[in-house]
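Chemist: One structure coming up, written as structure tokens, with questions to follow.
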Amino acid sequence: MTGKVTAAPLTVTDADFGTVQAGKTVKQTVTVTNTGTTWALIEAALNNAGTPTDIALSDFDKVFGPGESKEITVTWTPTGSSHLTGALGTITFNDTWTPADYPRTATAKLTGSRAPTAPVDPVAPTDPVTPTEPVTPTGPLTPSEPGTSTDVAPVAPTSLVTPRGNGQPTTGTSPEAGLAKTGANISPATWLVPLALIAAGGSLITLRLISNRRARHDGH
């Protein structure tokens, strides 16, 4: 479909994107032709209609020779705020090399429709989970009977009776018990021998003293 030509010799085609799902990008082309016999420098101005329509125009060589045509890519990505149907906007092309009193301009119309968003089916509720039966608690363990202890009678310490000089017995612990702290292994017979020698030595000293007194008495 040929767009409106406001001043010959510049022409442009329109673009219809059809019905597009939201978020999907669709490309169309518009053809710009310089039908004159002189060179042209083309500038493009994009005009969106109403709410933003996410239309983009590709770059192109702006210098057109006499009778030259060029295709320019236009993309549209509809969003939730885009028009459902109708005009999306326009692209106006101007030749800046023409005199102001004789402008060379052409406008391409952009149309398209955004497909309505399909309703989302509700998710069926799942059946509730059947609760499990509670576990029966186990009873406390029965304490075992205490063991019977065996009574052991204490061992009485042994005593050793040793004679004194006056013949009276003296009760005491055994030499083995008394010397156990030193670690010596001394029998009772070995311990009693020095005591007998000490007693015998005392008797000899007594007899010597008596003999000395008698000698001094007889000599005067």
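Lettering and numbering for the structure tokens are positional, with chains as A, B, ... in the shown order, residues counted from 1 in each chain, and ligands counted from 1 in the shown order.
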Val74 in chain A: which residues within 12 Å, counting only C-alpha atoms, same-chain residues fewer than 3 positions away excluded, as number ranges by chain?
Modeler: A: 13-17, 25-31, 44, 46, 54-60, 71, 77, 88-91, 108-111
Chemist: Pick from A:Glu133, A:Thr37, A:Trp97, A:Thr79: nearest to Arg114 in chain A, with only C-alpha atoms counted?
Modeler: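 The answer is A:Thr79, which sits nearest to Arg114 in chain A.
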Chemist: Show me, as a compact mmCIF listing (two decimals) with N, CA, C and O atoms, in the first residue's frame, the residues that have an atom within 10 Å of Pro9 in chain A when counting only C-alpha atoms, minus same-chain residues fewer than 5 positions from it.
Modeler:
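Listing of result-v6.txt after writing:
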```
# COMPACT_ATOMS: atom_id res chain seq x y z
N THR A 33 11.41 6.26 -1.92
CA THR A 33 11.90 6.42 -3.29
C THR A 33 12.04 7.91 -3.62
O THR A 33 11.13 8.70 -3.34
N ASN A 34 13.17 8.22 -4.19
CA ASN A 34 13.40 9.57 -4.70
C ASN A 34 13.06 9.54 -6.20
O ASN A 34 13.85 9.04 -7.02
N THR A 35 11.89 10.03 -6.56
CA THR A 35 11.42 9.98 -7.95
C THR A 35 11.88 11.18 -8.76
O THR A 35 11.55 11.29 -9.95
N GLY A 36 12.62 12.08 -8.11
CA GLY A 36 13.09 13.27 -8.83
C GLY A 36 14.33 13.01 -9.62
O GLY A 36 14.86 11.89 -9.68
N THR A 37 14.83 14.08 -10.20
CA THR A 37 16.02 14.02 -11.05
C THR A 37 17.24 14.62 -10.38
O THR A 37 18.31 14.69 -10.99
N THR A 38 17.09 15.02 -9.12
CA THR A 38 18.22 15.59 -8.37
C THR A 38 18.48 14.74 -7.12
O THR A 38 17.64 13.94 -6.68
N PRO A 66 19.00 10.31 -7.79
CA PRO A 66 17.79 10.47 -8.61
C PRO A 66 17.18 9.11 -8.98
O PRO A 66 17.87 8.21 -9.46
N GLY A 67 15.90 8.92 -8.62
CA GLY A 67 15.19 7.67 -8.92
C GLY A 67 15.56 6.50 -8.00
O GLY A 67 15.12 5.37 -8.23
N ARG A 104 10.15 18.65 -0.01
CA ARG A 104 9.93 17.28 -0.50
C ARG A 104 9.76 16.40 0.73
O ARG A 104 10.70 16.15 1.47
N THR A 105 8.55 15.87 1.00
CA THR A 105 8.25 15.12 2.20
C THR A 105 7.26 14.00 1.87
O THR A 105 6.47 14.11 0.93
N ALA A 106 7.33 12.95 2.69
CA ALA A 106 6.40 11.82 2.55
C ALA A 106 6.23 11.18 3.92
O ALA A 106 7.15 11.16 4.76
```
Chemist: CA of Leu41 in chain A to CA of Asp95 in chain A: how many Å, to one decimal?
Modeler: 5.2 Å
Chemist: In Å, how far is it from CA of Asp61 in chain A to CA of Ala49 in chain A?
Modeler: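 Atom-to-atom, CA of Asp61 in chain A and CA of Ala49 in chain A are spaced 25.8 Å apart.
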Chemist: Please provide as JSON, numbers by chain all residues within 9 Å of Val32 in chain A, with the sequence filter that same-chain residues fewer than 3 positions apart are discarded (counting only C-alpha atoms).
Modeler: {"A": [10, 11, 12, 13, 68, 69, 70, 71, 72, 93, 106]}
Chemist: For the selection you just gave me, I'd like the residues written to a file as a short mmCIF file (atom, residue, chain, number, x, y, z; two decimals), in the first residue's frame, keeping N, CA, C and O atoms.
Modeler:
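Resulting contents of out-v1.cif:
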```cif
data_model
loop_
_atom_site.label_atom_id
_atom_site.label_comp_id
_atom_site.auth_asym_id
_atom_site.auth_seq_id
_atom_site.Cartn_x
_atom_site.Cartn_y
_atom_site.Cartn_z
N LEU A 10 9.08 12.60 -3.91
CA LEU A 10 9.49 11.68 -2.85
C LEU A 10 8.28 10.84 -2.46
O LEU A 10 7.21 11.37 -2.16
N THR A 11 8.43 9.49 -2.44
CA THR A 11 7.33 8.60 -2.07
C THR A 11 7.79 7.61 -1.01
O THR A 11 9.00 7.33 -0.86
N VAL A 12 6.84 7.01 -0.24
CA VAL A 12 7.12 6.03 0.80
C VAL A 12 5.92 5.12 0.94
O VAL A 12 4.77 5.53 0.71
N THR A 13 6.14 3.86 1.35
CA THR A 13 5.06 2.90 1.57
C THR A 13 4.71 2.83 3.04
O THR A 13 5.50 3.24 3.91
N GLU A 68 16.34 6.70 -6.95
CA GLU A 68 16.79 5.60 -6.07
C GLU A 68 15.76 5.30 -5.00
O GLU A 68 15.12 6.20 -4.44
N SER A 69 15.59 3.99 -4.70
CA SER A 69 14.69 3.52 -3.64
C SER A 69 15.49 2.75 -2.59
O SER A 69 16.46 2.04 -2.93
N LYS A 70 15.07 2.88 -1.33
CA LYS A 70 15.72 2.15 -0.23
C LYS A 70 14.65 1.60 0.72
O LYS A 70 13.62 2.25 0.95
N GLU A 71 14.93 0.37 1.25
CA GLU A 71 14.04 -0.24 2.24
C GLU A 71 14.57 0.04 3.65
O GLU A 71 15.77 -0.16 3.92
N ILE A 72 13.70 0.45 4.51
CA ILE A 72 14.06 0.79 5.90
C ILE A 72 13.28 -0.14 6.82
O ILE A 72 12.04 -0.26 6.69
N PHE A 93 9.36 11.40 6.35
CA PHE A 93 10.65 11.53 5.68
C PHE A 93 10.69 12.89 4.98
O PHE A 93 9.76 13.28 4.26
N ALA A 106 7.33 12.95 2.69
CA ALA A 106 6.40 11.82 2.55
C ALA A 106 6.23 11.18 3.92
O ALA A 106 7.15 11.16 4.76
#
```
Chemist: Using CA of Ile42 in chain A and CA of Lys62 in chain A as the two end points, give the distance in Å to one decimal.
Modeler: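 About the pair CA of Ile42 in chain A and CA of Lys62 in chain A: they are 4.9 Å apart.
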Chemist: Could you give me, as a list of chain:residue names, the residues within 9 Å of range 115-128 of chain A, counting only C-alpha atoms and dropping anything in the same chain fewer than 5 positions from it?
Modeler: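 My reading of the contact set: A:Thr19, A:Val20, A:Gln21, A:Ala22, A:Pro78, A:Gly80, A:Leu84, A:Thr85.
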Chemist: The selected residues should be written to file as a tab-separated table (two decimals), in the first residue's frame (atoms: N, CA and C atoms).
Modeler:
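The resulting file, again.tsv, is shown below:
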```
chain	number	residue	atom	x	y	z
A	19	THR	N	-1.59	-8.72	13.73
A	19	THR	CA	-1.88	-8.99	15.15
A	19	THR	C	-0.67	-9.68	15.78
A	20	VAL	N	-0.16	-9.09	16.86
A	20	VAL	CA	1.08	-9.57	17.47
A	20	VAL	C	0.85	-9.81	18.96
A	21	GLN	N	1.39	-10.93	19.45
A	21	GLN	CA	1.33	-11.23	20.88
A	21	GLN	C	2.21	-10.25	21.65
A	22	ALA	N	1.78	-9.90	22.83
A	22	ALA	CA	2.56	-8.99	23.69
A	22	ALA	C	3.91	-9.61	24.00
A	78	PRO	N	4.95	-5.13	20.90
A	78	PRO	CA	3.84	-4.64	21.72
A	78	PRO	C	4.00	-5.02	23.18
A	80	GLY	N	1.95	-4.46	27.31
A	80	GLY	CA	0.61	-4.40	27.88
A	80	GLY	C	-0.03	-3.05	27.75
A	84	LEU	N	-4.63	-2.11	21.47
A	84	LEU	CA	-5.11	-3.42	21.02
A	84	LEU	C	-5.28	-3.42	19.50
A	85	THR	N	-5.82	-2.36	18.93
A	85	THR	CA	-6.01	-2.23	17.49
A	85	THR	C	-5.83	-0.78	17.10
```
